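Visitor: What follows is start-v3.cif, mmCIF, C-alpha atoms.
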```cif
data_my_file
#
loop_
_atom_site.label_atom_id
_atom_site.label_comp_id
_atom_site.auth_asym_id
_atom_site.auth_seq_id
_atom_site.Cartn_x
_atom_site.Cartn_y
_atom_site.Cartn_z
CA MET A 441 -90.53 -85.52 37.35
CA ALA A 442 -79.06 -86.78 33.39
CA ARG A 443 -77.16 -83.99 34.08
CA ARG A 444 -73.62 -82.91 34.44
CA VAL A 445 -72.37 -79.44 33.79
CA LEU A 446 -75.20 -76.89 34.17
CA ALA A 447 -74.88 -73.28 33.24
CA ALA A 448 -76.51 -70.16 34.62
CA LEU A 449 -79.77 -71.03 36.27
CA ALA A 450 -81.72 -69.60 39.13
CA LEU A 451 -84.91 -70.64 40.74
CA THR A 452 -87.45 -70.14 43.42
CA ILE A 453 -89.99 -72.82 44.07
CA LEU A 454 -93.44 -74.21 44.07
CA VAL A 455 -96.59 -74.21 46.08
CA ALA A 456 -96.76 -72.63 49.51
CA GLY A 457 -98.78 -75.53 50.97
CA CYS A 458 -99.71 -76.10 54.59
CA GLY A 459 -98.65 -74.10 57.61
CA SER A 460 -96.50 -75.36 60.46
CA ALA A 461 -98.01 -77.16 63.40
CA PRO A 462 -98.17 -75.13 66.64
CA GLY A 463 -94.81 -75.06 68.34
CA ALA A 464 -93.06 -76.79 65.46
CA LYS A 465 -90.93 -73.77 64.61
CA ASP A 466 -89.74 -73.33 68.19
CA ASP A 467 -88.93 -77.03 68.50
CA ALA A 468 -87.05 -76.95 65.21
CA ALA A 469 -85.14 -73.87 66.31
CA LYS A 470 -84.03 -75.62 69.52
CA LYS A 471 -82.93 -78.67 67.56
CA SER A 472 -81.13 -76.48 65.03
CA ALA A 473 -79.32 -74.67 67.82
CA ALA A 474 -78.25 -78.03 69.22
CA THR A 475 -77.03 -79.18 65.81
CA PRO A 476 -75.05 -76.33 64.22
CA THR A 477 -73.64 -76.62 60.73
CA ALA A 478 -70.09 -77.58 59.76
CA THR A 479 -69.34 -79.57 62.90
CA VAL A 480 -68.86 -83.06 61.47
CA ALA A 481 -65.15 -83.84 61.43
CA ALA A 482 -65.05 -87.18 59.62
CA LYS A 483 -67.27 -89.67 57.84
CA PRO A 484 -69.47 -91.34 60.46
CA ASP A 485 -69.31 -95.14 60.60
CA ILE A 486 -72.97 -95.95 60.04
CA SER A 487 -72.44 -99.65 60.71
CA LYS A 488 -71.72 -98.86 64.37
CA VAL A 489 -74.74 -96.73 65.24
CA GLY A 490 -76.92 -99.69 66.24
CA ASN A 491 -80.26 -100.64 64.74
CA VAL A 492 -81.87 -97.68 63.00
CA THR A 493 -85.09 -97.16 61.07
CA LEU A 494 -84.67 -94.38 58.52
CA THR A 495 -88.01 -92.93 57.38
CA VAL A 496 -87.93 -91.51 53.86
CA TRP A 497 -90.50 -89.67 51.73
CA ASP A 498 -89.90 -89.47 47.99
CA GLN A 499 -91.78 -88.89 44.73
CA ASN A 500 -90.00 -91.46 42.57
CA VAL A 501 -93.17 -93.31 41.62
CA ARG A 502 -92.77 -93.61 37.84
CA GLY A 503 -91.19 -96.68 36.25
CA GLY A 504 -87.52 -95.79 35.89
CA GLN A 505 -87.51 -93.53 38.94
CA ASN A 506 -89.04 -96.23 41.11
CA LYS A 507 -86.63 -98.86 39.79
CA GLU A 508 -83.53 -96.84 40.63
CA ILE A 509 -84.60 -95.92 44.16
CA GLU A 510 -85.76 -99.44 44.96
CA GLU A 511 -82.43 -100.81 43.76
CA LEU A 512 -80.38 -98.25 45.72
CA ASN A 513 -82.45 -98.76 48.88
CA LYS A 514 -81.84 -102.50 48.57
CA GLN A 515 -78.09 -101.96 48.13
CA PHE A 516 -77.90 -99.54 51.05
CA MET A 517 -79.61 -101.94 53.45
CA ALA A 518 -77.33 -104.75 52.24
CA LYS A 519 -74.29 -102.59 52.99
CA TYR A 520 -75.73 -101.53 56.36
CA PRO A 521 -77.86 -104.41 57.71
CA ASN A 522 -78.46 -102.40 60.88
CA VAL A 523 -80.41 -99.78 58.93
CA LYS A 524 -83.99 -100.35 57.78
CA ILE A 525 -85.39 -97.90 55.25
CA GLU A 526 -89.07 -97.21 55.71
CA ARG A 527 -90.13 -95.61 52.44
CA THR A 528 -93.25 -93.57 51.68
CA ALA A 529 -93.63 -92.91 47.95
CA LYS A 530 -96.02 -90.20 46.79
CA SER A 531 -96.79 -88.60 43.47
CA PHE A 532 -95.26 -85.19 42.86
CA GLU A 533 -98.63 -83.49 43.45
CA ASP A 534 -99.35 -85.41 46.67
CA LEU A 535 -95.87 -84.74 48.00
CA LEU A 536 -96.25 -80.99 47.43
CA LYS A 537 -99.57 -81.00 49.26
CA THR A 538 -98.43 -82.98 52.30
CA VAL A 539 -94.68 -82.71 52.87
CA LYS A 540 -94.63 -79.42 54.81
CA LEU A 541 -97.31 -80.58 57.20
CA ALA A 542 -95.59 -83.94 57.65
CA VAL A 543 -92.20 -82.38 58.34
CA SER A 544 -93.68 -79.99 60.90
CA GLY A 545 -95.57 -82.77 62.74
CA PRO A 546 -94.53 -84.97 65.66
CA ASP A 547 -93.72 -87.99 63.48
CA ALA A 548 -91.71 -86.21 60.82
CA PRO A 549 -89.73 -88.38 58.40
CA ASP A 550 -85.94 -88.28 58.53
CA VAL A 551 -85.33 -87.64 54.83
CA VAL A 552 -87.66 -85.94 52.35
CA GLN A 553 -87.55 -84.75 48.80
CA ALA A 554 -88.25 -81.02 49.09
CA ASN A 555 -88.88 -79.18 45.85
CA GLN A 556 -86.45 -76.34 45.14
CA GLY A 557 -87.36 -72.69 45.34
CA ARG A 558 -89.23 -70.40 47.65
CA GLY A 559 -92.51 -72.29 47.79
CA ILE A 560 -91.41 -75.54 49.45
CA MET A 561 -87.71 -75.64 50.32
CA GLY A 562 -87.60 -71.93 51.08
CA GLU A 563 -90.57 -72.16 53.42
CA MET A 564 -89.04 -75.17 55.17
CA VAL A 565 -85.72 -73.38 55.61
CA LYS A 566 -87.50 -70.31 56.97
CA ALA A 567 -89.40 -72.44 59.49
CA GLN A 568 -86.22 -74.41 60.34
CA LEU A 569 -87.92 -77.67 59.39
CA ILE A 570 -84.91 -78.98 57.43
CA ARG A 571 -81.29 -78.74 58.46
CA PRO A 572 -78.36 -77.43 56.42
CA VAL A 573 -76.08 -80.13 55.03
CA THR A 574 -73.10 -77.87 54.40
CA ASP A 575 -71.17 -79.79 57.06
CA TYR A 576 -71.82 -83.13 55.41
CA ALA A 577 -70.94 -81.66 52.01
CA LYS A 578 -67.45 -81.01 53.37
CA VAL A 579 -67.16 -84.50 54.81
CA TYR A 580 -68.35 -86.35 51.72
CA GLY A 581 -66.99 -84.01 49.06
CA TRP A 582 -70.38 -83.12 47.62
CA ASN A 583 -69.14 -79.76 46.37
CA ASP A 584 -66.85 -81.62 43.95
CA ARG A 585 -69.64 -83.94 42.85
CA TYR A 586 -71.85 -81.20 41.37
CA SER A 587 -71.47 -78.06 39.34
CA PRO A 588 -71.74 -74.81 41.35
CA THR A 589 -75.03 -73.97 39.62
CA LEU A 590 -76.69 -77.23 40.66
CA LEU A 591 -75.52 -76.73 44.23
CA ALA A 592 -76.88 -73.18 44.15
CA LEU A 593 -80.34 -74.46 43.24
CA ASN A 594 -80.45 -76.26 46.59
CA SER A 595 -79.01 -73.40 48.64
CA PHE A 596 -80.57 -70.71 50.85
CA SER A 597 -79.58 -68.20 53.46
CA SER A 598 -80.70 -69.27 56.93
CA ASP A 599 -83.62 -66.83 56.86
CA ALA A 600 -84.57 -68.02 53.35
CA LYS A 601 -84.46 -64.50 51.94
CA ASP A 602 -81.58 -65.31 49.61
CA PHE A 603 -82.04 -68.19 47.17
CA GLY A 604 -79.05 -69.62 45.31
CA SER A 605 -76.47 -68.84 48.00
CA GLY A 606 -75.80 -69.62 51.63
CA ASP A 607 -76.00 -73.10 53.11
CA LEU A 608 -76.73 -76.26 51.14
CA TYR A 609 -80.03 -77.89 52.12
CA GLY A 610 -80.14 -81.00 49.96
CA LEU A 611 -78.78 -82.97 47.01
CA SER A 612 -80.52 -84.00 43.80
CA GLN A 613 -79.95 -87.30 42.04
CA ALA A 614 -81.12 -86.59 38.52
CA GLY A 615 -81.04 -83.77 36.05
CA GLU A 616 -84.05 -82.97 33.91
CA ILE A 617 -84.91 -81.32 30.63
CA VAL A 618 -88.36 -80.55 29.31
CA GLY A 619 -88.14 -81.23 25.60
CA VAL A 620 -89.98 -82.94 22.77
CA PHE A 621 -90.41 -86.70 22.46
CA TYR A 622 -91.32 -87.79 18.94
CA ASN A 623 -92.58 -90.93 17.26
CA LYS A 624 -89.95 -91.95 14.69
CA ASP A 625 -92.51 -93.67 12.50
CA LYS A 626 -94.41 -90.38 12.18
CA VAL A 627 -91.39 -88.06 12.28
CA PRO A 628 -88.56 -89.71 10.31
CA THR A 629 -86.65 -86.41 10.08
CA PRO A 630 -86.94 -84.29 13.26
CA PRO A 631 -87.37 -80.53 12.70
CA THR A 632 -84.46 -78.32 13.72
CA THR A 633 -86.13 -74.89 13.83
CA LEU A 634 -89.38 -73.56 15.25
CA ASP A 635 -90.66 -72.84 11.73
CA GLU A 636 -89.98 -76.42 10.70
CA PHE A 637 -91.62 -77.70 13.87
CA GLU A 638 -94.77 -75.68 13.28
CA ALA A 639 -94.87 -76.87 9.66
CA SER A 640 -94.67 -80.44 10.95
CA LEU A 641 -97.52 -79.76 13.39
CA GLN A 642 -99.69 -78.42 10.58
CA LYS A 643 -98.85 -81.38 8.36
CA ALA A 644 -99.94 -83.77 11.10
CA LYS A 645 -103.15 -81.79 11.64
CA ASP A 646 -103.91 -81.84 7.91
CA ALA A 647 -103.45 -85.60 7.93
CA GLY A 648 -106.13 -85.91 10.61
CA GLU A 649 -103.74 -86.54 13.51
CA THR A 650 -103.40 -84.85 16.89
CA PRO A 651 -99.98 -83.16 16.56
CA ILE A 652 -99.09 -82.84 20.28
CA MET A 653 -100.51 -84.97 23.08
CA PHE A 654 -101.09 -82.88 26.20
CA GLY A 655 -102.63 -83.48 29.63
CA ASN A 656 -103.07 -80.37 31.79
CA LEU A 657 -105.69 -81.36 34.36
CA GLU A 658 -103.09 -81.07 37.12
CA LYS A 659 -102.09 -77.61 35.78
CA TRP A 660 -98.31 -77.95 36.19
CA PRO A 661 -97.82 -79.50 32.72
CA GLY A 662 -99.11 -76.24 31.25
CA ILE A 663 -96.11 -74.46 32.75
CA HIS A 664 -93.81 -76.81 30.83
CA ASN A 665 -95.62 -76.46 27.51
CA PHE A 666 -95.89 -72.69 27.78
CA GLU A 667 -92.31 -72.18 28.90
CA SER A 668 -91.02 -74.46 26.15
CA VAL A 669 -92.55 -72.00 23.70
CA LEU A 670 -91.53 -68.95 25.76
CA GLY A 671 -87.89 -70.02 25.53
CA GLN A 672 -88.11 -69.53 21.78
CA THR A 673 -89.76 -66.07 21.84
CA ALA A 674 -88.08 -64.41 24.84
CA ASP A 675 -84.47 -63.79 25.74
CA LYS A 676 -83.24 -66.57 28.02
CA GLN A 677 -81.63 -64.11 30.43
CA ALA A 678 -84.91 -62.21 30.74
CA ILE A 679 -86.59 -65.45 31.84
CA ARG A 680 -83.82 -66.19 34.33
CA ASP A 681 -83.91 -62.65 35.70
CA PHE A 682 -87.65 -62.85 36.24
CA VAL A 683 -87.44 -66.16 38.10
CA PHE A 684 -84.59 -64.77 40.21
CA ALA A 685 -86.63 -61.62 40.88
CA LYS A 686 -83.82 -59.40 39.61
CA ASP A 687 -84.37 -55.64 39.70
CA GLY A 688 -86.23 -54.49 36.61
CA ALA A 689 -87.23 -57.97 35.49
CA SER A 690 -90.77 -58.23 34.17
CA PHE A 691 -93.26 -60.80 32.94
CA ASP A 692 -95.41 -58.20 31.22
CA ASN A 693 -93.28 -57.48 28.16
CA PRO A 694 -93.65 -58.04 24.39
CA GLU A 695 -91.45 -61.16 24.26
CA PHE A 696 -93.46 -62.90 27.00
CA THR A 697 -96.73 -61.85 25.40
CA ALA A 698 -95.43 -63.28 22.12
CA GLY A 699 -94.90 -66.64 23.83
CA ALA A 700 -98.45 -66.58 25.17
CA THR A 701 -99.74 -65.63 21.73
CA LYS A 702 -97.82 -68.44 20.04
CA ILE A 703 -99.07 -71.23 22.29
CA LYS A 704 -102.64 -69.90 22.12
CA GLU A 705 -102.34 -70.03 18.31
CA TRP A 706 -101.37 -73.69 18.64
CA VAL A 707 -104.54 -74.30 20.64
CA ASP A 708 -106.68 -72.45 18.09
CA LYS A 709 -105.14 -74.38 15.20
CA GLY A 710 -105.92 -77.71 16.88
CA TYR A 711 -102.33 -78.73 17.53
CA PHE A 712 -103.25 -80.20 20.93
CA ASN A 713 -105.72 -82.97 21.72
CA LYS A 714 -109.28 -82.01 22.54
CA ASN A 715 -110.05 -81.42 26.22
CA PHE A 716 -106.36 -81.25 27.17
CA ASN A 717 -107.24 -79.16 30.24
CA GLY A 718 -109.40 -82.04 31.43
CA THR A 719 -106.83 -84.77 30.68
CA ASP A 720 -104.33 -86.09 33.25
CA TYR A 721 -100.61 -86.03 32.53
CA ASP A 722 -99.99 -89.79 32.67
CA PRO A 723 -102.88 -90.79 30.38
CA ALA A 724 -101.65 -88.18 27.88
CA TRP A 725 -98.12 -89.56 27.54
CA LYS A 726 -99.52 -93.09 27.44
CA GLU A 727 -101.69 -92.09 24.46
CA PHE A 728 -98.56 -90.75 22.77
CA ALA A 729 -96.82 -94.06 23.51
CA LYS A 730 -99.66 -95.86 21.76
CA GLY A 731 -98.96 -93.90 18.57
CA LYS A 732 -101.86 -91.47 18.85
CA SER A 733 -99.72 -88.40 18.03
CA PRO A 734 -96.29 -87.60 16.60
CA TYR A 735 -95.14 -85.33 19.48
CA LEU A 736 -95.19 -85.03 23.26
CA ILE A 737 -93.75 -82.08 25.20
CA ALA A 738 -92.59 -83.61 28.47
CA GLY A 739 -89.77 -83.96 30.95
CA THR A 740 -87.04 -86.56 30.83
CA TRP A 741 -88.55 -88.23 33.90
CA VAL A 742 -90.79 -90.23 31.50
CA THR A 743 -87.81 -91.50 29.48
CA ALA A 744 -87.77 -94.98 31.01
CA ASP A 745 -91.54 -95.42 30.63
CA LEU A 746 -91.56 -94.34 26.99
CA ALA A 747 -88.51 -96.46 26.17
CA GLU A 748 -90.19 -99.49 27.70
CA GLN A 749 -93.42 -98.99 25.77
CA MET A 750 -92.07 -97.73 22.44
CA GLY A 751 -88.61 -99.25 22.14
CA ASP A 752 -86.62 -97.79 19.25
CA LYS A 753 -89.66 -95.95 17.84
CA VAL A 754 -89.28 -92.98 20.20
CA GLY A 755 -86.75 -90.14 20.02
CA PHE A 756 -86.04 -87.01 22.05
CA MET A 757 -85.02 -83.52 20.96
CA LEU A 758 -84.79 -80.08 22.48
CA MET A 759 -87.62 -77.71 21.59
CA PRO A 760 -86.68 -76.32 18.16
CA GLY A 761 -86.02 -72.57 18.14
CA LYS A 762 -84.63 -69.90 15.88
CA ASP A 763 -81.08 -71.29 15.82
CA PRO A 764 -80.34 -75.05 16.06
CA ASN A 765 -76.93 -74.20 17.51
CA ALA A 766 -78.37 -72.07 20.32
CA PRO A 767 -81.06 -74.25 21.96
CA VAL A 768 -83.10 -73.06 24.94
CA SER A 769 -85.06 -75.45 27.14
CA LEU A 770 -86.30 -75.40 30.68
CA GLY A 771 -84.75 -77.81 33.11
CA GLY A 772 -82.36 -78.23 36.00
CA GLU A 773 -82.37 -81.07 38.50
CA ASP A 774 -84.97 -83.17 40.25
CA LEU A 775 -86.22 -82.69 43.81
CA PRO A 776 -83.34 -82.68 46.31
CA TRP A 777 -83.07 -85.09 49.20
CA SER A 778 -83.07 -83.13 52.47
CA ILE A 779 -82.59 -84.02 56.15
CA THR A 780 -85.36 -82.84 58.44
CA SER A 781 -84.54 -81.00 61.64
CA SER A 782 -86.39 -83.76 63.50
CA ALA A 783 -84.20 -86.55 62.12
CA LYS A 784 -83.11 -88.75 64.99
CA ASN A 785 -79.98 -89.93 63.20
CA PRO A 786 -78.77 -87.18 60.83
CA ASP A 787 -75.47 -89.03 60.31
CA VAL A 788 -77.38 -92.01 58.91
CA ALA A 789 -79.55 -89.71 56.81
CA ALA A 790 -76.45 -88.02 55.39
CA ALA A 791 -74.83 -91.37 54.59
CA TYR A 792 -78.02 -92.37 52.78
CA ILE A 793 -78.04 -89.19 50.69
CA ASP A 794 -74.36 -89.72 49.91
CA PHE A 795 -75.14 -93.27 48.77
CA LEU A 796 -77.96 -92.03 46.51
CA THR A 797 -75.62 -89.60 44.73
CA ASP A 798 -72.25 -91.35 44.46
CA ALA A 799 -70.63 -92.94 41.39
CA ASN A 800 -72.44 -96.22 41.91
CA ALA A 801 -75.76 -94.38 42.09
CA ALA A 802 -74.95 -92.59 38.83
CA LYS A 803 -74.47 -95.98 37.15
CA VAL A 804 -77.76 -97.27 38.55
CA LEU A 805 -79.51 -94.14 37.24
CA VAL A 806 -78.08 -94.68 33.76
CA ASP A 807 -79.00 -98.38 33.81
CA THR A 808 -82.63 -97.47 34.63
CA ASP A 809 -82.90 -94.79 31.90
CA ASN A 810 -82.53 -91.83 34.26
CA LEU A 811 -80.24 -88.83 33.77
CA PRO A 812 -77.65 -88.43 36.57
CA ALA A 813 -77.03 -84.91 37.87
CA MET A 814 -73.56 -85.77 39.16
CA LYS A 815 -70.34 -84.94 37.32
CA GLY A 816 -68.58 -87.75 35.49
CA ALA A 817 -71.61 -90.01 35.18
CA PRO A 818 -71.26 -92.79 32.59
CA ALA A 819 -72.90 -92.21 29.23
CA PRO A 820 -75.75 -94.52 28.21
CA ALA A 821 -74.82 -97.08 25.58
CA SER A 822 -77.99 -97.17 23.53
CA GLY A 823 -81.65 -96.31 23.23
CA LEU A 824 -83.65 -93.21 24.07
CA SER A 825 -81.30 -92.29 26.91
CA VAL A 826 -78.58 -91.54 24.35
CA ASP A 827 -80.82 -88.86 22.81
CA VAL A 828 -81.50 -87.42 26.24
CA SER A 829 -77.83 -87.43 27.26
CA ASN A 830 -76.77 -85.80 23.98
CA ALA A 831 -79.47 -83.15 24.34
CA TRP A 832 -78.33 -82.40 27.87
CA GLN A 833 -74.75 -81.95 26.75
CA LYS A 834 -75.76 -79.73 23.82
CA LEU A 835 -78.05 -77.61 25.98
CA ASN A 836 -75.41 -76.92 28.57
CA GLU A 837 -72.66 -76.27 26.04
CA ALA A 838 -74.95 -73.56 24.64
CA ASP A 839 -75.78 -72.22 28.12
CA GLY A 840 -79.42 -72.78 27.16
CA VAL A 841 -81.04 -73.95 30.41
CA ILE A 842 -83.84 -71.76 31.76
CA PRO A 843 -85.40 -72.32 35.20
CA TYR A 844 -88.96 -73.39 35.92
CA LEU A 845 -91.22 -70.34 36.18
CA ASP A 846 -93.05 -71.74 39.18
CA TYR A 847 -89.95 -71.23 41.36
CA THR A 848 -90.43 -67.47 41.28
CA THR A 849 -92.46 -66.76 44.47
CA PRO A 850 -93.90 -68.86 47.31
CA THR A 851 -97.32 -68.87 45.58
CA PHE A 852 -96.25 -68.75 41.95
CA TYR A 853 -96.95 -72.42 41.25
CA ASP A 854 -100.66 -71.75 41.81
CA ASP A 855 -100.52 -68.30 40.23
CA ILE A 856 -98.85 -69.26 36.97
CA SER A 857 -100.43 -72.69 36.49
CA SER A 858 -103.96 -71.32 36.91
CA ALA A 859 -103.22 -68.39 34.62
CA ILE A 860 -101.83 -70.65 31.89
CA GLN A 861 -104.84 -72.94 32.10
CA GLU A 862 -107.14 -69.94 31.63
CA LEU A 863 -105.03 -68.63 28.74
CA LEU A 864 -105.18 -71.95 26.93
CA ALA A 865 -108.92 -72.24 27.59
CA GLY A 866 -109.46 -68.83 26.00
CA LYS A 867 -110.68 -67.21 29.22
CA GLN A 868 -108.12 -64.42 28.90
CA ASP A 869 -106.11 -63.11 25.98
CA PRO A 870 -102.27 -63.12 25.91
CA ALA A 871 -101.97 -59.45 26.96
CA ALA A 872 -104.31 -59.93 29.92
CA PHE A 873 -102.41 -63.09 30.83
CA THR A 874 -99.01 -61.40 31.07
CA LYS A 875 -100.47 -58.41 32.94
CA GLY A 876 -102.22 -60.68 35.43
CA VAL A 877 -99.12 -62.77 36.09
CA GLN A 878 -97.10 -59.59 36.59
CA ALA A 879 -99.69 -58.35 39.10
CA ASP A 880 -99.35 -61.59 41.10
CA PHE A 881 -95.58 -61.18 41.12
CA ASP A 882 -95.81 -57.53 42.17
CA LYS A 883 -97.94 -58.45 45.20
CA TRP A 884 -95.18 -60.68 46.47
CA ALA A 885 -92.35 -58.33 45.52
CA GLY A 886 -94.03 -55.48 47.36
CA SER A 887 -94.22 -57.50 50.56
CA ARG A 888 -90.62 -58.80 50.62
#
```
Here is a file; write its structure as structure tokens.
Guide:
Amino acid sequence: MARRVLAALALTILVAGCGSAPGAKDDAAKKSAATPTATVAAKPDISKVGNVTLTVWDQNVRGGQNKEIEELNKQFMAKYPNVKIERTAKSFEDLLKTVKLAVSGPDAPDVVQANQGRGIMGEMVKAQLIRPVTDYAKVYGWNDRYSPTLLALNSFSSDAKDFGSGDLYGLSQAGEIVGVFYNKDKVPTPPTTLDEFEASLQKAKDAGETPIMFGNLEKWPGIHNFESVLGQTADKQAIRDFVFAKDGASFDNPEFTAGATKIKEWVDKGYFNKNFNGTDYDPAWKEFAKGKSPYLIAGTWVTADLAEQMGDKVGFMLMPGKDPNAPVSLGGEDLPWSITSSAKNPDVAAAYIDFLTDANAAKVLVDTDNLPAMKGAPAPASGLSVDVSNAWQKLNEADGVIPYLDYTTPTFYDDISSAIQELLAGKQDPAAFTKGVQADFDKWAGSR
């Protein structure tokens, strides 16, 4: 799982996960009352706080992600020898399953990556398990470091009813796009429209190749593949409005059904590898890296891994659509770093988050083939990261970013990922798929 200027986006997040431990909410409320927002007057001097162990949970386990966080942790501890970072690294899936329970327990970490949206961050805000960082944003100038849209993605009202406004609850390091990686040996001239892309897929199929490598055992990759297609059949604002739960927004409409129909056609035509619903995500992109297919629909978080394995044979492009000058792709920013309400040294935690997102951090991200979310980040000099950076700039200039569908309700990660897996497996047709997803949304909307 690099950004700069991001245009209109709105989200609501992933899996609902575990409930709070008994008494955790009351304890968090007491701590929150004792630590109100916007009270820090100046940058704390972390070197003078004594010996501190800062416990951190993150999901930066892939090659380039792990390299950047290991390097920045090393630099931070060199700058502040009195601070020891105790890091727990988990996969994205494992973090989603365990972070809420960990944060609500007696030995909660100080800093966690909490996925945006209503499912994880929203639930933590509601239970007062993470603290606002609006005060630290004023001290460190974080509001000037990010575009308003990126800040909004990590913002909630204190009761978590409003997403995209209110207090800031975390900062993200990296931006992300879900696009199309391609093997340059197999695709010397990348397609620029959806028609050209589909013609290329058919050509690969006719030549006996697997056109798109896909691993959907964990279900969430299906969201990315489906929404990459949906962005080319549905109006981008209609997708945004649905994720934001705007009045009148709907999933059960002809444009969304057309997206479901299109990707199911790709399955029926054999454009994906066999047994993709039983294949893990990582083995799938590794098969692509070995030259087993011309295309891979994936997020820019695998950029460093693919660059390492494929060198100059791999390229990246936005999903081709109707108009090359008006691209639409899903994306945003990676999981924000948040301070738990149980953090014993929130000043140290805030200094750590500031260190992870400053100008030096942006350079480290670029050097490790990651895409910085911060304004003014240096551009990569060569390689696959140049494609990614150029795509990011083009996407935002066209106001083409659409939010992840799984942000929509507290349970929508499970709802939409399961529904997409059934659609692709042929267990329900496109019309039944859109109606079923709408019904899941309506259950939540009716209980708000």
Visitor: The residues within 10 Å of (-85.7, -91.4, 65.9), using only C-alpha atoms and the coordinates of the file, should be reported as a ChimeraX atom specification; which are they?
Guide: /A:492-495,547-550,782-786
Visitor: Which residues would end up in the selection if the PyMOL selection byres ((chain A and resi 603) around 12) were applied here, given that I need the answer as a PyMOL selection string?
Guide: chain A and resi 449-453+556-559+561-563+565-566+589+591-602+604-609+683-686+847-850
Visitor: Between atom CA of A:Val489 and atom CA of A:Trp777, what is the distance in Å, rounded to a tenth?
Guide: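 Distance reported for this atom pair: 21.5 Å.
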Visitor: Run the PyMOL selection byres ((chain A and resi 788) around 12) against the file shown and list the residues it catches, as a count of residues only.
Guide: 37
Visitor: Quick one: everything within 10 Å of A:Leu796, counting all atoms listed in the file, minus sequence neighbours fewer than 5 positions away in the same chain. Send it as a list in words.
Guide: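 Using all atoms listed in the file, the neighbours found are Glu508, Ile509, Leu512, Asn513, Phe516, Leu611, Ser612, Gln613, Trp777, Ala790, Ala791, Ala801, Ala802, Val804 and Leu805 of chain A.
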Visitor: Please report the interatomic distance between atom CA of A:Val501 and atom CA of A:Ala747 in Å with one decimal.
Guide: 16.4 Å
Visitor: If you count all atoms listed in the file, which residues fall within 7 Å of stretch 664-674 of chain A, apart from same-chain ones fewer than 5 positions away, as a list in words?
Guide: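 The filter keeps Val618, Glu695, Phe696, Ala698, Gly699, Ile703, Ile737, Met759, Gly761, Lys762, Val768, Ser769 and Leu770 of chain A.
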Visitor: Print the selection's residues with C-alpha atoms to a file, as a PDB file, in the coordinates of the input.
Guide:
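Result file follows (result.pdb):
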```pdb
ATOM      1  CA  VAL A 618     -88.360 -80.550  29.310  1.00  0.00           C
ATOM      2  CA  GLU A 695     -91.450 -61.160  24.260  1.00  0.00           C
ATOM      3  CA  PHE A 696     -93.460 -62.900  27.000  1.00  0.00           C
ATOM      4  CA  ALA A 698     -95.430 -63.280  22.120  1.00  0.00           C
ATOM      5  CA  GLY A 699     -94.900 -66.640  23.830  1.00  0.00           C
ATOM      6  CA  ILE A 703     -99.070 -71.230  22.290  1.00  0.00           C
ATOM      7  CA  ILE A 737     -93.750 -82.080  25.200  1.00  0.00           C
ATOM      8  CA  MET A 759     -87.620 -77.710  21.590  1.00  0.00           C
ATOM      9  CA  GLY A 761     -86.020 -72.570  18.140  1.00  0.00           C
ATOM     10  CA  LYS A 762     -84.630 -69.900  15.880  1.00  0.00           C
ATOM     11  CA  VAL A 768     -83.100 -73.060  24.940  1.00  0.00           C
ATOM     12  CA  SER A 769     -85.060 -75.450  27.140  1.00  0.00           C
ATOM     13  CA  LEU A 770     -86.300 -75.400  30.680  1.00  0.00           C
TER      14      LEU A 770
END
```
Visitor: For atom CA of A:Glu636 and atom CA of A:Lys732, quote the distance in Å rounded to one decimal.
Guide: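 Pair atom CA of A:Glu636 / atom CA of A:Lys732 returns 20.8 Å.
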Visitor: Selected by the PyMOL selection byres ((chain A and resi 650) around 6) in the shown coordinates: which residues, as a CSV table (one decimal) with C-alpha atoms, in the coordinates of the input?
Guide:
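The result, written out as selection.csv:
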```csv
chain,number,residue,atom,x,y,z
A,649,GLU,CA,-103.7,-86.5,13.5
A,651,PRO,CA,-100.0,-83.2,16.6
A,652,ILE,CA,-99.1,-82.8,20.3
A,713,ASN,CA,-105.7,-83.0,21.7
A,733,SER,CA,-99.7,-88.4,18.0
```
Visitor: Using only C-alpha atoms, which residue out of A:Lys514, A:Arg680, A:Lys704, A:Lys753 lies closest to A:Gly771?
Guide: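 For A:Gly771, the nearest of the candidates is A:Arg680.
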Visitor: Every residue with an atom at most 6 Å from (-90.6, -90.2, 35.3) (file coordinates; all atoms listed in the file) is what I'm after, so could you write them as a ChimeraX atom specification?
Guide: /A:441,502,505,741-742
Visitor: For A:Leu736, list every protein, DNA or RNA residue within 10 Å, evaluated using only C-alpha atoms, and leave out those in the same chain fewer than 5 positions away; present the list as a ChimeraX atom specification.
Guide: /A:619-623,651-655,665,712,724-725,727-729,756
